[in-house]
Amino acid sequence: MPADHRDARPDRRAHRPAAAAALAAACALAAAGCGTPRPDTAGLEARIAADRAAEASAAPEPAPSAMRFAPGSAACEPRASTALPGAWETSAPREPVDGDSAPIGLRDAEGGADLAVRAEVAGPGGALGGADARAAGDTWAELEFPGDFGAAAPEKGTYTVVWSSAEDGAFISCDGFRVK
């Protein structure tokens, strides 16, 4: 009769509780994210927004002299924000002017302004000068370039207008126009 080898084999049932415990522990760790809670979408979005805000506040505001009007986007680059309260709006011709004059303006749409303002204009060849006006309530502080700036007739190209407080030089806004 053949030999019975069942007695020589180890009893595998003895190892099942240990294996089951190890498997249960592995599943628990996987479900728990290895001990750290999994953030939800709102939590991730909040952390990303906080990181971006920290990066933005760490970056210094550009100097107004570094700003240039980009006609394609009708905005100045690099972009900057004002620290002055109000809802500041600017006006300038969006179609190229013929070289005569360009009306420019600034106002606080919220109507809280009572401020002496200064517009500095830079053209294709560099700085061309500045002129002062008053922003009061929600009315436009209006100037004409080149007349109010004592500048010569403008040459063909893109012009940048940087508005600031005439009192302390605090940046308000930037705009521009083109001369054909």
# chains A, B, ... in the order shown; residues from 1 in each chain; ligands from 1
>>> residues_around(residues="Glu95 of chain A", least_positions_apart="3", cutoff="9 Å", atoms="only C-alpha atoms", output="list of chain:residue names")
A:Phe177, A:Arg178, A:Val179
>>> select_by_dssp(residues="segment 54-130 of chain A", states="strand (DSSP E or B)", output="JSON, numbers by chain")
{"A": [68, 69, 70, 75, 76, 77, 88, 89, 90, 91, 97, 102, 103, 104, 105, 106, 107, 108, 113, 114, 115, 116, 117, 118, 119, 120, 121, 122, 123, 126, 127, 128, 129, 130]}
>>> residues_around(residues="Glu155 of chain A", least_positions_apart="5", cutoff="10 Å", atoms="only C-alpha atoms", output="JSON, numbers by chain")
{"A": [98, 99, 100, 123, 124, 125, 178, 179, 180]}
>>> closest_residue(among="A:Ile172, A:Ala113, A:Ala50, A:Val121", to="Thr158 of chain A", atoms="only C-alpha atoms")
A:Val121
>>> closest_residue(among="A:Pro64, A:Pro71, A:Gly129, A:Pro85", to="Ala151 of chain A", atoms="only C-alpha atoms")
A:Gly129
>>> residues_around(residues="Gly111 of chain A", least_positions_apart="2", cutoff="12 Å", atoms="only C-alpha atoms", output="tab-separated table (two decimals) with C-alpha atoms, in the first residue's frame")
chain	number	residue	atom	x	y	z
A	85	PRO	CA	-9.72	102.01	-2.61
A	86	GLY	CA	-12.26	102.37	-5.38
A	87	ALA	CA	-13.41	100.82	-8.63
A	88	TRP	CA	-11.03	102.58	-10.99
A	89	GLU	CA	-11.83	102.78	-14.70
A	106	LEU	CA	-9.75	108.08	-15.13
A	107	ARG	CA	-12.63	107.74	-12.66
A	108	ASP	CA	-13.75	105.88	-9.57
A	109	ALA	CA	-17.00	104.19	-10.63
A	113	ALA	CA	-12.77	109.51	-5.01
A	114	ASP	CA	-11.62	113.02	-4.24
A	115	LEU	CA	-8.05	112.81	-5.35
A	135	ALA	CA	-10.84	112.64	-9.79
A	136	ALA	CA	-13.92	113.62	-7.77
A	137	GLY	CA	-16.94	111.43	-7.14
A	138	ASP	CA	-17.64	109.29	-10.19
A	139	THR	CA	-16.83	112.00	-12.75
A	140	TRP	CA	-14.00	111.50	-15.21
>>> atom_distance(atom1="atom CA of Glu144 of chain A", atom2="atom CA of Asp168 of chain A")
22.9 Å
